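Undergrad: What follows is model-v7.pdb, PDB, C-alpha atoms.
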```pdb
ATOM      1  CA  MET W   1      13.901  -2.547  39.286
ATOM      2  CA  VAL W   2      10.358  -3.349  40.273
ATOM      3  CA  VAL W   3      10.162  -4.932  43.709
ATOM      4  CA  PRO W   4       7.580  -7.719  43.788
ATOM      5  CA  HIS W   5       4.950  -7.605  46.509
ATOM      6  CA  GLY W   6       5.797 -10.250  49.056
ATOM      7  CA  SER W   7       2.252 -11.406  49.616
ATOM      8  CA  ASP W   8       1.293 -11.847  45.957
ATOM      9  CA  PRO W   9       1.338 -15.325  44.445
ATOM     10  CA  PRO W  10       4.029 -15.758  41.766
ATOM     11  CA  MET W  11       2.940 -14.996  38.218
ATOM     12  CA  PRO W  12       2.479 -18.004  35.933
ATOM     13  CA  ALA W  13       5.330 -18.634  33.530
ATOM     14  CA  ASP W  14       3.076 -19.244  30.557
ATOM     15  CA  LEU W  15       1.714 -16.361  28.499
ATOM     16  CA  ALA W  16      -1.541 -18.218  27.903
ATOM     17  CA  ASP W  17      -2.085 -18.553  31.676
ATOM     18  CA  LEU W  18      -1.404 -14.845  32.136
ATOM     19  CA  VAL W  19      -3.901 -14.058  29.388
ATOM     20  CA  ALA W  20      -6.526 -16.195  31.122
ATOM     21  CA  LEU W  21      -5.957 -14.350  34.430
ATOM     22  CA  ALA W  22      -5.973 -10.953  32.717
ATOM     23  CA  LYS W  23      -9.255 -11.768  31.000
ATOM     24  CA  GLU W  24     -10.762 -12.404  34.414
ATOM     25  CA  GLY W  25      -9.781  -8.877  35.370
ATOM     26  CA  ASP W  26      -6.435  -9.540  37.059
ATOM     27  CA  HIS W  27      -4.667  -6.251  36.455
ATOM     28  CA  GLN W  28      -1.283  -7.531  37.611
ATOM     29  CA  ALA W  29      -1.465 -10.370  35.123
ATOM     30  CA  PHE W  30      -1.979  -7.846  32.338
ATOM     31  CA  GLU W  31       0.957  -5.804  33.595
ATOM     32  CA  GLU W  32       3.083  -8.918  33.497
ATOM     33  CA  LEU W  33       1.962  -9.530  29.904
ATOM     34  CA  VAL W  34       3.100  -6.021  29.035
ATOM     35  CA  ARG W  35       6.448  -6.574  30.776
ATOM     36  CA  ARG W  36       7.100  -9.791  28.888
ATOM     37  CA  THR W  37       6.116  -8.533  25.450
ATOM     38  CA  TYR W  38       6.742  -4.805  25.187
ATOM     39  CA  SER W  39      10.333  -4.963  23.866
ATOM     40  CA  ASP W  40       9.153  -7.334  21.182
ATOM     41  CA  SER W  41       6.186  -5.109  20.278
ATOM     42  CA  TYR W  42       8.444  -2.079  20.205
ATOM     43  CA  THR W  43      10.830  -3.868  17.839
ATOM     44  CA  LEU W  44       7.980  -4.613  15.438
ATOM     45  CA  ALA W  45       6.643  -1.061  15.716
ATOM     46  CA  LEU W  46      10.092   0.366  15.024
ATOM     47  CA  ARG W  47      10.575  -1.886  12.011
ATOM     48  CA  LEU W  48       7.196  -0.793  10.665
ATOM     49  CA  THR W  49       7.450   2.939  11.301
ATOM     50  CA  GLY W  50      11.209   3.451  11.088
ATOM     51  CA  ASP W  51      10.964   6.160  13.738
ATOM     52  CA  GLU W  52      11.550   5.804  17.483
ATOM     53  CA  ASP W  53       8.921   8.330  18.565
ATOM     54  CA  ASP W  54       6.330   6.850  16.233
ATOM     55  CA  ALA W  55       7.183   3.386  17.492
ATOM     56  CA  ARG W  56       6.639   4.466  21.105
ATOM     57  CA  ASP W  57       3.263   5.991  20.265
ATOM     58  CA  VAL W  58       2.260   2.890  18.342
ATOM     59  CA  VAL W  59       3.198   0.617  21.241
ATOM     60  CA  GLN W  60       1.248   2.778  23.717
ATOM     61  CA  GLU W  61      -1.822   2.688  21.536
ATOM     62  CA  SER W  62      -1.458  -1.051  20.907
ATOM     63  CA  TYR W  63      -1.463  -1.956  24.582
ATOM     64  CA  LEU W  64      -4.427   0.274  25.280
ATOM     65  CA  ARG W  65      -6.311  -1.481  22.525
ATOM     66  CA  ALA W  66      -5.131  -4.889  23.704
ATOM     67  CA  TYR W  67      -6.299  -4.019  27.225
ATOM     68  CA  ARG W  68      -9.712  -2.885  26.071
ATOM     69  CA  GLY W  69     -10.112  -5.732  23.611
ATOM     70  CA  LEU W  70      -8.718  -8.574  25.686
ATOM     71  CA  LYS W  71     -12.161 -10.050  26.321
ATOM     72  CA  ARG W  72     -12.554 -10.470  22.569
ATOM     73  CA  PHE W  73      -9.290 -12.397  22.276
ATOM     74  CA  ARG W  74     -10.490 -15.965  21.845
ATOM     75  CA  GLY W  75      -7.220 -17.740  22.419
ATOM     76  CA  ASP W  76      -7.322 -19.687  19.151
ATOM     77  CA  ALA W  77      -4.283 -17.714  18.017
ATOM     78  CA  GLN W  78      -1.189 -17.035  20.083
ATOM     79  CA  PHE W  79      -1.371 -13.920  22.207
ATOM     80  CA  THR W  80       1.769 -12.539  20.557
ATOM     81  CA  THR W  81       0.279 -13.003  17.085
ATOM     82  CA  TRP W  82      -2.839 -11.170  18.204
ATOM     83  CA  LEU W  83      -0.666  -8.394  19.623
ATOM     84  CA  TYR W  84       1.351  -8.168  16.394
ATOM     85  CA  ARG W  85      -1.859  -7.704  14.447
ATOM     86  CA  ILE W  86      -2.935  -4.855  16.706
ATOM     87  CA  THR W  87       0.540  -3.315  16.467
ATOM     88  CA  ALA W  88       0.463  -3.625  12.676
ATOM     89  CA  ASN W  89      -2.905  -1.916  12.541
ATOM     90  CA  CYS W  90      -1.816   0.933  14.839
ATOM     91  CA  ALA W  91       1.407   1.394  12.866
ATOM     92  CA  SER W  92      -0.544   1.474   9.625
ATOM     93  CA  ASN W  93      -2.797   4.214  11.009
ATOM     94  CA  GLN W  94       0.195   6.135  12.283
ATOM     95  CA  LEU W  95       1.879   6.002   8.880
ATOM     96  CA  ARG W  96      -1.338   7.132   7.208
ATOM     97  CA  ARG W  97      -1.543  10.117   9.555
ATOM     98  CA  ARG W  98       2.089  10.926   8.807
ATOM     99  CA  ALA W  99       1.572  10.647   5.074
ATOM    100  CA  ARG W 100      -1.252  13.168   5.257
ATOM    101  CA  HIS W 101       0.959  15.698   6.978
ATOM    102  CA  ARG W 102       4.184  15.141   5.188
ATOM    103  CA  HIS W 103       5.050  14.716   1.561
ATOM    104  CA  GLU W 104       6.304  11.194   1.269
ATOM    105  CA  GLU W 105       8.117   9.346  -1.429
ATOM    106  CA  LEU W 106       5.711   6.574  -2.314
ATOM    107  CA  ASP W 107       7.211   5.558  -5.593
ATOM    108  CA  GLU W 108       7.040   1.781  -5.690
ATOM    109  CA  GLU W 109       8.730   1.207  -9.013
ATOM    110  CA  LEU W 110      11.934  -0.764  -8.924
ATOM    111  CA  GLY W 111      14.385   2.069  -8.602
ATOM    112  CA  PRO W 112      18.081   2.216  -9.358
ATOM    113  CA  VAL W 113      20.141  -0.188  -7.337
ATOM    114  CA  VAL W 114      22.348   1.365  -4.698
ATOM    115  CA  ASP W 115      25.880   0.187  -5.148
ATOM    116  CA  ALA W 116      27.295  -1.749  -2.227
ATOM    117  CA  SER W 117      30.442  -3.664  -1.517
ATOM    118  CA  HIS W 118      31.399  -6.424  -3.943
ATOM    119  CA  ASP W 119      34.001  -7.844  -1.593
ATOM    120  CA  PRO W 120      33.312 -11.629  -1.589
ATOM    121  CA  ALA W 121      34.614 -12.034   1.948
ATOM    122  CA  ALA W 122      32.196  -9.402   3.218
ATOM    123  CA  LEU W 123      29.331 -10.879   1.212
ATOM    124  CA  ALA W 124      29.943 -14.243   2.833
ATOM    125  CA  ASP W 125      29.710 -12.809   6.306
ATOM    126  CA  VAL W 126      26.354 -13.641   7.881
ATOM    127  CA  ALA W 127      26.391 -10.721  10.277
ATOM    128  CA  ASP W 128      27.164  -8.419   7.391
ATOM    129  CA  LEU W 129      24.309  -9.916   5.405
ATOM    130  CA  ARG W 130      21.989  -9.269   8.313
ATOM    131  CA  SER W 131      23.025  -5.649   8.631
ATOM    132  CA  ARG W 132      22.662  -5.117   4.892
ATOM    133  CA  VAL W 133      19.169  -6.629   4.997
ATOM    134  CA  GLU W 134      18.257  -4.339   7.874
ATOM    135  CA  GLY W 135      19.655  -1.361   6.002
ATOM    136  CA  ALA W 136      17.696  -2.304   2.888
ATOM    137  CA  LEU W 137      14.514  -2.709   4.940
ATOM    138  CA  GLU W 138      14.874   0.834   6.219
ATOM    139  CA  GLU W 139      15.204   2.082   2.650
ATOM    140  CA  LEU W 140      11.926   0.539   1.543
ATOM    141  CA  PRO W 141       8.845   2.737   1.189
ATOM    142  CA  PRO W 142       6.729   2.185   4.348
ATOM    143  CA  ARG W 143       3.874   0.533   2.443
ATOM    144  CA  LEU W 144       6.169  -2.139   1.046
ATOM    145  CA  ARG W 145       8.166  -2.494   4.230
ATOM    146  CA  ALA W 146       5.078  -3.219   6.332
ATOM    147  CA  VAL W 147       4.092  -6.212   4.222
ATOM    148  CA  VAL W 148       7.510  -7.849   4.076
ATOM    149  CA  VAL W 149       8.159  -7.271   7.790
ATOM    150  CA  LEU W 150       4.827  -8.806   8.768
ATOM    151  CA  ARG W 151       5.038 -11.734   6.347
ATOM    152  CA  ASP W 152       8.718 -12.666   6.211
ATOM    153  CA  ILE W 153       9.854 -11.715   9.704
ATOM    154  CA  TYR W 154       6.701 -12.109  11.815
ATOM    155  CA  ASP W 155       5.031 -14.836   9.759
ATOM    156  CA  LEU W 156       1.549 -13.284   9.730
ATOM    157  CA  SER W 157      -0.801 -14.692   7.090
ATOM    158  CA  HIS W 158      -1.637 -12.740   3.940
ATOM    159  CA  GLU W 159      -5.184 -12.578   5.245
ATOM    160  CA  ALA W 160      -4.135 -11.057   8.588
ATOM    161  CA  ILE W 161      -1.791  -8.589   6.905
ATOM    162  CA  ALA W 162      -4.453  -7.479   4.439
ATOM    163  CA  ALA W 163      -6.991  -7.025   7.250
ATOM    164  CA  GLU W 164      -4.704  -4.954   9.481
ATOM    165  CA  LEU W 165      -3.340  -2.770   6.692
ATOM    166  CA  GLY W 166      -6.770  -2.243   5.165
ATOM    167  CA  ILE W 167      -5.848  -3.609   1.730
ATOM    168  CA  SER W 168      -6.922  -6.638  -0.324
ATOM    169  CA  GLU W 169      -5.077  -9.927  -0.079
ATOM    170  CA  SER W 170      -3.975  -9.677  -3.686
ATOM    171  CA  ALA W 171      -2.600  -6.185  -3.053
ATOM    172  CA  ALA W 172      -0.741  -7.557  -0.046
ATOM    173  CA  LYS W 173       0.846 -10.238  -2.242
ATOM    174  CA  VAL W 174       1.809  -7.759  -4.954
ATOM    175  CA  ARG W 175       3.449  -5.530  -2.362
ATOM    176  CA  LEU W 176       5.238  -8.486  -0.814
ATOM    177  CA  HIS W 177       6.785  -9.485  -4.123
ATOM    178  CA  ARG W 178       7.809  -5.928  -4.918
ATOM    179  CA  ALA W 179       9.343  -5.582  -1.492
ATOM    180  CA  ARG W 180      11.313  -8.807  -1.876
ATOM    181  CA  ARG W 181      12.543  -7.742  -5.312
ATOM    182  CA  LYS W 182      13.718  -4.404  -4.018
ATOM    183  CA  LEU W 183      15.403  -6.009  -1.027
ATOM    184  CA  ARG W 184      17.164  -8.589  -3.195
ATOM    185  CA  ALA W 185      18.353  -5.937  -5.631
ATOM    186  CA  GLN W 186      19.718  -3.848  -2.794
ATOM    187  CA  VAL W 187      21.242  -6.609  -0.706
ATOM    188  CA  PHE W 188      22.797  -8.418  -3.671
ATOM    189  CA  PRO W 189      23.834  -5.663  -6.037
ATOM    190  CA  GLY W 190      24.942  -6.726  -9.473
ATOM    191  CA  ARG W 191      23.066  -9.026 -11.776
ATOM    192  CA  GLY W 192      22.127 -12.590 -10.956
ATOM    193  CA  ASP W 193      24.396 -13.937 -13.701
ATOM    194  CA  ASP W 194      27.435 -12.449 -11.975
ATOM    195  CA  GLN W 195      27.119 -15.115  -9.334
ATOM    196  CA  ASP W 196      29.664 -17.882  -9.164
ATOM    197  CA  GLU W 197      28.820 -21.464 -10.055
ATOM    198  CA  GLU W 198      28.772 -22.607  -6.474
ATOM    199  CA  SER W 199      25.882 -20.448  -5.376
ATOM    200  CA  ALA W 200      23.933 -21.285  -8.534
ATOM    201  CA  HIS W 201      24.234 -24.985  -7.755
ATOM    202  CA  ALA W 202      23.239 -24.533  -4.151
ATOM    203  CA  VAL W 203      19.524 -24.212  -5.034
TER     204      VAL W 203
ATOM    205  CA  MET P   1      10.451 -17.196 -21.701
ATOM    206  CA  ARG P   2      12.933 -14.571 -20.574
ATOM    207  CA  CYS P   3      14.456 -13.896 -17.170
ATOM    208  CA  ASP P   4      12.667 -10.559 -16.942
ATOM    209  CA  ASP P   5       9.292 -12.305 -17.174
ATOM    210  CA  LEU P   6      10.088 -14.199 -13.998
ATOM    211  CA  GLY P   7      10.829 -11.342 -11.570
ATOM    212  CA  ASP P   8       7.671 -11.609  -9.442
ATOM    213  CA  VAL P   9       7.475 -15.356  -9.918
ATOM    214  CA  LEU P  10      10.910 -15.930  -8.409
ATOM    215  CA  ALA P  11      10.115 -13.535  -5.563
ATOM    216  CA  ALA P  12       6.913 -15.468  -4.878
ATOM    217  CA  THR P  13       8.437 -18.936  -5.266
ATOM    218  CA  ALA P  14      11.371 -18.419  -2.922
ATOM    219  CA  ASP P  15       9.399 -19.193   0.249
ATOM    220  CA  GLY P  16       8.015 -22.430  -1.161
ATOM    221  CA  SER P  17       4.380 -21.282  -0.985
ATOM    222  CA  VAL P  18       4.015 -21.066  -4.771
ATOM    223  CA  SER P  19       5.449 -23.534  -7.268
ATOM    224  CA  LEU P  20       6.729 -22.697 -10.736
ATOM    225  CA  ASP P  21       4.585 -23.641 -13.702
ATOM    226  CA  ASP P  22       6.108 -25.913 -16.351
ATOM    227  CA  ALA P  23       7.312 -23.170 -18.668
ATOM    228  CA  ALA P  24       8.975 -21.279 -15.817
ATOM    229  CA  ARG P  25      10.514 -24.442 -14.450
ATOM    230  CA  ARG P  26      11.995 -25.330 -17.864
ATOM    231  CA  HIS P  27      13.538 -21.878 -18.055
ATOM    232  CA  VAL P  28      14.971 -21.836 -14.530
ATOM    233  CA  GLU P  29      16.444 -25.320 -14.897
ATOM    234  CA  ARG P  30      18.593 -24.024 -17.738
ATOM    235  CA  CYS P  31      19.224 -20.469 -16.531
ATOM    236  CA  LEU P  32      22.097 -19.869 -14.128
ATOM    237  CA  ARG P  33      21.055 -16.281 -13.639
ATOM    238  CA  CYS P  34      17.559 -17.189 -12.425
ATOM    239  CA  GLN P  35      18.980 -19.964 -10.257
ATOM    240  CA  ALA P  36      21.368 -17.479  -8.683
ATOM    241  CA  GLU P  37      18.450 -15.134  -8.056
ATOM    242  CA  LEU P  38      16.529 -17.895  -6.338
ATOM    243  CA  VAL P  39      19.524 -18.581  -4.115
ATOM    244  CA  GLN P  40      19.646 -14.893  -3.237
ATOM    245  CA  TYR P  41      15.929 -14.849  -2.408
ATOM    246  CA  ARG P  42      16.372 -17.835  -0.148
ATOM    247  CA  LYS P  43      19.306 -16.197   1.639
ATOM    248  CA  LEU P  44      17.250 -13.036   1.987
ATOM    249  CA  LEU P  45      14.278 -14.907   3.476
ATOM    250  CA  ARG P  46      16.513 -16.860   5.858
ATOM    251  CA  THR P  47      18.091 -13.635   7.041
ATOM    252  CA  LEU P  48      14.716 -11.947   7.472
ATOM    253  CA  ARG P  49      13.568 -14.845   9.644
ATOM    254  CA  THR P  50      16.603 -14.431  11.900
ATOM    255  CA  LEU P  51      15.518 -10.821  12.546
ATOM    256  CA  ARG P  52      12.460 -12.229  14.332
ATOM    257  CA  THR P  53      14.508 -12.976  17.460
ATOM    258  CA  GLU P  54      16.292  -9.650  17.452
ATOM    259  CA  VAL P  55      15.107  -7.120  20.008
ATOM    260  CA  LEU P  56      15.617  -3.412  19.461
ATOM    261  CA  GLU P  57      15.609  -2.013  22.976
ATOM    262  CA  PRO P  58      13.451   1.061  23.475
ATOM    263  CA  ALA P  59      14.844   4.064  25.308
ATOM    264  CA  PRO P  60      14.126   3.861  29.052
ATOM    265  CA  GLY P  61      10.716   4.748  30.383
ATOM    266  CA  LEU P  62       8.508   3.081  27.807
ATOM    267  CA  LEU P  63       7.375   0.277  30.114
ATOM    268  CA  ALA P  64       6.409   2.735  32.833
ATOM    269  CA  GLU P  65       4.509   4.863  30.314
ATOM    270  CA  ILE P  66       2.572   1.881  28.973
ATOM    271  CA  LEU P  67       1.683   0.661  32.450
ATOM    272  CA  ALA P  68       0.580   4.136  33.528
ATOM    273  CA  ASN P  69      -1.652   4.480  30.465
ATOM    274  CA  VAL P  70      -3.172   1.062  30.920
ATOM    275  CA  GLU P  71      -3.720   1.776  34.593
ATOM    276  CA  ALA P  72      -5.475   5.038  33.749
ATOM    277  CA  ALA P  73      -7.669   3.236  31.218
ATOM    278  CA  GLY P  74      -8.495   0.643  33.856
ATOM    279  CA  GLU P  75      -9.440   3.369  36.321
ATOM    280  CA  ARG P  76     -11.694   5.074  33.790
ATOM    281  CA  HIS P  77     -13.378   1.756  33.161
ATOM    282  CA  ALA P  78     -13.818   1.126  36.872
ATOM    283  CA  VAL P  79     -15.297   4.567  37.382
ATOM    284  CA  ARG P  80     -17.734   4.079  34.530
ATOM    285  CA  SER P  81     -18.805   0.845  36.167
ATOM    286  CA  LEU P  82     -19.242   2.632  39.468
ATOM    287  CA  LEU P  83     -21.226   5.445  37.936
ATOM    288  CA  SER P  84     -23.451   3.048  36.060
ATOM    289  CA  GLY P  85     -24.236   1.461  39.419
ATOM    290  CA  ARG P  86     -23.235  -2.069  38.583
ATOM    291  CA  ARG P  87     -20.790  -2.478  41.407
ATOM    292  CA  VAL P  88     -22.174  -0.023  43.901
ATOM    293  CA  ALA P  89     -24.008  -2.779  45.757
ATOM    294  CA  TYR P  90     -20.903  -4.247  47.303
ATOM    295  CA  LEU P  91     -18.592  -1.267  47.244
ATOM    296  CA  GLY P  92     -21.128   0.766  49.147
ATOM    297  CA  GLY P  93     -19.944   4.040  50.596
ATOM    298  CA  LEU P  94     -16.515   3.804  48.973
ATOM    299  CA  ALA P  95     -18.028   4.548  45.595
ATOM    300  CA  ALA P  96     -18.525   8.249  46.086
ATOM    301  CA  ALA P  97     -15.004   8.890  47.390
ATOM    302  CA  THR P  98     -13.351   6.810  44.668
ATOM    303  CA  ALA P  99     -15.410   8.422  41.940
ATOM    304  CA  ALA P 100     -14.388  11.864  43.129
ATOM    305  CA  GLY P 101     -10.683  10.957  43.222
ATOM    306  CA  ALA P 102     -10.636   9.110  39.904
ATOM    307  CA  GLY P 103     -12.799  11.801  38.324
ATOM    308  CA  ALA P 104      -9.889  14.164  38.782
ATOM    309  CA  ALA P 105      -7.636  11.614  37.110
ATOM    310  CA  ILE P 106      -9.931  11.545  34.093
ATOM    311  CA  VAL P 107      -9.745  15.286  33.693
ATOM    312  CA  ILE P 108      -5.953  15.172  33.806
ATOM    313  CA  ALA P 109      -5.783  12.288  31.351
ATOM    314  CA  THR P 110      -8.122  13.991  28.914
ATOM    315  CA  ARG P 111      -6.225  17.224  29.069
ATOM    316  CA  SER P 112      -2.836  15.613  28.511
ATOM    317  CA  LYS P 113      -4.294  13.749  25.552
ATOM    318  CA  ARG P 114      -5.539  16.966  24.024
ATOM    319  CA  ALA P 115      -2.246  18.680  24.624
ATOM    320  CA  ARG P 116      -0.515  15.942  22.666
ATOM    321  CA  LEU P 117      -2.683  16.098  19.590
ATOM    322  CA  PRO P 118      -0.859  18.853  17.739
ATOM    323  CA  LEU P 119       2.406  16.996  18.261
ATOM    324  CA  ALA P 120       0.985  13.859  16.706
ATOM    325  CA  GLY P 121       0.365  15.657  13.428
TER     326      GLY P 121
END
```
As structure tokens, please, write out the structure in this file.
TA:
Amino acid sequence: MVVPHGSDPPMPADLADLVALAKEGDHQAFEELVRRTYSDSYTLALRLTGDEDDARDVVQESYLRAYRGLKRFRGDAQFTTWLYRITANCASNQLRRRARHRHEELDEELGPVVDASHDPAALADVADLRSRVEGALEELPPRLRAVVVLRDIYDLSHEAIAAELGISESAAKVRLHRARRKLRAQVFPGRGDDQDEESAHAV
Amino acid sequence: MRCDDLGDVLAATADGSVSLDDAARRHVERCLRCQAELVQYRKLLRTLRTLRTEVLEPAPGLLAEILANVEAAGERHAVRSLLSGRRVAYLGGLAAATAAGAGAAIVIATRSKRARLPLAG
């Protein structure tokens, strides 16, 4: 546990207020920003890199860049969105470095579908669905995973994703659709026409 | 139009950001398989959104590491300011002592960074 200094004024509850203080050079305000956001940043970094050590490095680098670049943060976006963009960019660089040093499977074609449980009771289970989606995410090639994580989980714009990954917006969209197709095929094995009437009518 | 022609279209349509053109719509309205796929995409997207609130806890020590790194970066910045003379006016005699102490910190930080490089590869 960190013991607060008795004489210091309490930190503001709002992230935006902390950002304002940190921009003025208040080091403790920046530390508080780190405290409030680092688990979240780590989660994103881990989803992007799929590796705990990589995720830690990415988070370290992200906060250093956030610290150095804070003056350039204009406050027209949310601080967390800004941080996600930095994290995405650092993770992208990390994956590129990895790819150079390690032979990676980058095949993006729709591969064979991994067979999973067809038990209807299990399929109906929301928690099970969540864990199957997470499992399928981990199976995706990193380049596809990055786009779907940033768009469909973290709600970054195509423009932001393209900028941070260093690809065109149209490439980002193509990757997003491929990623969704692969995820769907893996999470819902079997063909679409195997579905019962009820789910077809639930559109 | 066949179901296979609609793979990317269904994947794109599921979040509501793109709408089907007339030909695709006519097909999907009559095709249970494509409708079922759309339902699956929507379930998938809903589930992905729920992951947003999930936190994967890092192993202990990460917060301390981040804060130490940021602190070191802050010190380097402060020292550069001191050396460039911008703040010497009001810090006066303290400048020399601080610069000497933090100068040592820079050397350590630079060395540990170098030592890590081979591991990063």
Undergrad: Write out as a list in words which residues come within 8 Å of Tyr154 in chain W when counting all atoms listed in the file, dropping same-chain ones fewer than 3 positions away.
TA: Val149, Leu150 and Arg151 of chain W; Arg49 and Arg52 of chain P
Undergrad: Apply the PyMOL selection byres ((chain W and resi 38) around 9) to the displayed file and report the matching residues as a VMD selection string.
TA: (chain W and resid 33 to 37 39 to 43 59 63) or (chain P and resid 62 to 63 66)
Undergrad: Could you turn the residues from that selection into a file that holds C-alpha atoms, as a JSON list (two decimals), in the frame of the given file?
TA:
```
[["chain", "number", "residue", "atom", "x", "y", "z"],
["W", 33, "LEU", "CA", 1.96, -9.53, 29.90],
["W", 34, "VAL", "CA", 3.10, -6.02, 29.04],
["W", 35, "ARG", "CA", 6.45, -6.57, 30.78],
["W", 36, "ARG", "CA", 7.10, -9.79, 28.89],
["W", 37, "THR", "CA", 6.12, -8.53, 25.45],
["W", 39, "SER", "CA", 10.33, -4.96, 23.87],
["W", 40, "ASP", "CA", 9.15, -7.33, 21.18],
["W", 41, "SER", "CA", 6.19, -5.11, 20.28],
["W", 42, "TYR", "CA", 8.44, -2.08, 20.20],
["W", 43, "THR", "CA", 10.83, -3.87, 17.84],
["W", 59, "VAL", "CA", 3.20, 0.62, 21.24],
["W", 63, "TYR", "CA", -1.46, -1.96, 24.58],
["P", 62, "LEU", "CA", 8.51, 3.08, 27.81],
["P", 63, "LEU", "CA", 7.38, 0.28, 30.11],
["P", 66, "ILE", "CA", 2.57, 1.88, 28.97]]
```
Undergrad: Taking all atoms of range 11-21 of chain P that the file lists and extending 6 Å past them on each side, where is the centre of the axis-aligned box and how long are its edges? Answer in Å to one decimal, as JSON.
TA:
```
{"center_x": 7.7, "center_y": -18.6, "center_z": -6.7, "size_x": 19.4, "size_y": 22.1, "size_z": 26.0}
```
Undergrad: Pick the closest to chain P from W:Gly75, W:Pro141, W:Pro10, W:Gly190: which is it, counting all atoms listed in the file?
TA: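 Counting all atoms listed in the file, the residue closest to chain P is W:Gly190.
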Undergrad: What does the PyMOL selection byres ((chain W and resi 90-101) around 6) select in this file, as a list in words?
TA: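 On this input, the PyMOL selection byres ((chain W and resi 90-101) around 6) captures Val58, Thr87, Ala88, Asn89, Arg102 and Leu165 of chain W.
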Undergrad: Just need the residues of chain P within 10 Å of chain W, counting all atoms listed in the file, so spit them out as a PyMOL selection string.
TA: chain P and resi 3+7-15+31-59+62-74+77+120-121
Undergrad: Please dump the current selection as a JSON list (two decimals), in the coordinates of the input; keep C-alpha atoms.
TA:
```json
[["chain", "number", "residue", "atom", "x", "y", "z"],
["P", 3, "CYS", "CA", 14.46, -13.90, -17.17],
["P", 7, "GLY", "CA", 10.83, -11.34, -11.57],
["P", 8, "ASP", "CA", 7.67, -11.61, -9.44],
["P", 9, "VAL", "CA", 7.48, -15.36, -9.92],
["P", 10, "LEU", "CA", 10.91, -15.93, -8.41],
["P", 11, "ALA", "CA", 10.12, -13.54, -5.56],
["P", 12, "ALA", "CA", 6.91, -15.47, -4.88],
["P", 13, "THR", "CA", 8.44, -18.94, -5.27],
["P", 14, "ALA", "CA", 11.37, -18.42, -2.92],
["P", 15, "ASP", "CA", 9.40, -19.19, 0.25],
["P", 31, "CYS", "CA", 19.22, -20.47, -16.53],
["P", 32, "LEU", "CA", 22.10, -19.87, -14.13],
["P", 33, "ARG", "CA", 21.06, -16.28, -13.64],
["P", 34, "CYS", "CA", 17.56, -17.19, -12.42],
["P", 35, "GLN", "CA", 18.98, -19.96, -10.26],
["P", 36, "ALA", "CA", 21.37, -17.48, -8.68],
["P", 37, "GLU", "CA", 18.45, -15.13, -8.06],
["P", 38, "LEU", "CA", 16.53, -17.90, -6.34],
["P", 39, "VAL", "CA", 19.52, -18.58, -4.12],
["P", 40, "GLN", "CA", 19.65, -14.89, -3.24],
["P", 41, "TYR", "CA", 15.93, -14.85, -2.41],
["P", 42, "ARG", "CA", 16.37, -17.84, -0.15],
["P", 43, "LYS", "CA", 19.31, -16.20, 1.64],
["P", 44, "LEU", "CA", 17.25, -13.04, 1.99],
["P", 45, "LEU", "CA", 14.28, -14.91, 3.48],
["P", 46, "ARG", "CA", 16.51, -16.86, 5.86],
["P", 47, "THR", "CA", 18.09, -13.64, 7.04],
["P", 48, "LEU", "CA", 14.72, -11.95, 7.47],
["P", 49, "ARG", "CA", 13.57, -14.84, 9.64],
["P", 50, "THR", "CA", 16.60, -14.43, 11.90],
["P", 51, "LEU", "CA", 15.52, -10.82, 12.55],
["P", 52, "ARG", "CA", 12.46, -12.23, 14.33],
["P", 53, "THR", "CA", 14.51, -12.98, 17.46],
["P", 54, "GLU", "CA", 16.29, -9.65, 17.45],
["P", 55, "VAL", "CA", 15.11, -7.12, 20.01],
["P", 56, "LEU", "CA", 15.62, -3.41, 19.46],
["P", 57, "GLU", "CA", 15.61, -2.01, 22.98],
["P", 58, "PRO", "CA", 13.45, 1.06, 23.48],
["P", 59, "ALA", "CA", 14.84, 4.06, 25.31],
["P", 62, "LEU", "CA", 8.51, 3.08, 27.81],
["P", 63, "LEU", "CA", 7.38, 0.28, 30.11],
["P", 64, "ALA", "CA", 6.41, 2.74, 32.83],
["P", 65, "GLU", "CA", 4.51, 4.86, 30.31],
["P", 66, "ILE", "CA", 2.57, 1.88, 28.97],
["P", 67, "LEU", "CA", 1.68, 0.66, 32.45],
["P", 68, "ALA", "CA", 0.58, 4.14, 33.53],
["P", 69, "ASN", "CA", -1.65, 4.48, 30.46],
["P", 70, "VAL", "CA", -3.17, 1.06, 30.92],
["P", 71, "GLU", "CA", -3.72, 1.78, 34.59],
["P", 72, "ALA", "CA", -5.48, 5.04, 33.75],
["P", 73, "ALA", "CA", -7.67, 3.24, 31.22],
["P", 74, "GLY", "CA", -8.49, 0.64, 33.86],
["P", 77, "HIS", "CA", -13.38, 1.76, 33.16],
["P", 120, "ALA", "CA", 0.98, 13.86, 16.71],
["P", 121, "GLY", "CA", 0.36, 15.66, 13.43]]
```
Undergrad: Can you measure CA of Lys71 in chain W to CA of Tyr84 in chain W for me? One decimal in Å is fine.
TA: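 So the answer is 16.9 Å.
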Undergrad: One decimal, in Å: what's the spacing between CA of Ser17 in chain P and CA of Ser170 in chain W?
TA: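 CA of Ser17 in chain P sits 14.6 Å away from CA of Ser170 in chain W.
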Undergrad: To one decimal place in Å, what is the distance between CA of Leu144 in chain W and CA of Arg175 in chain W?
TA: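 Distance between the two atoms: 5.5 Å.
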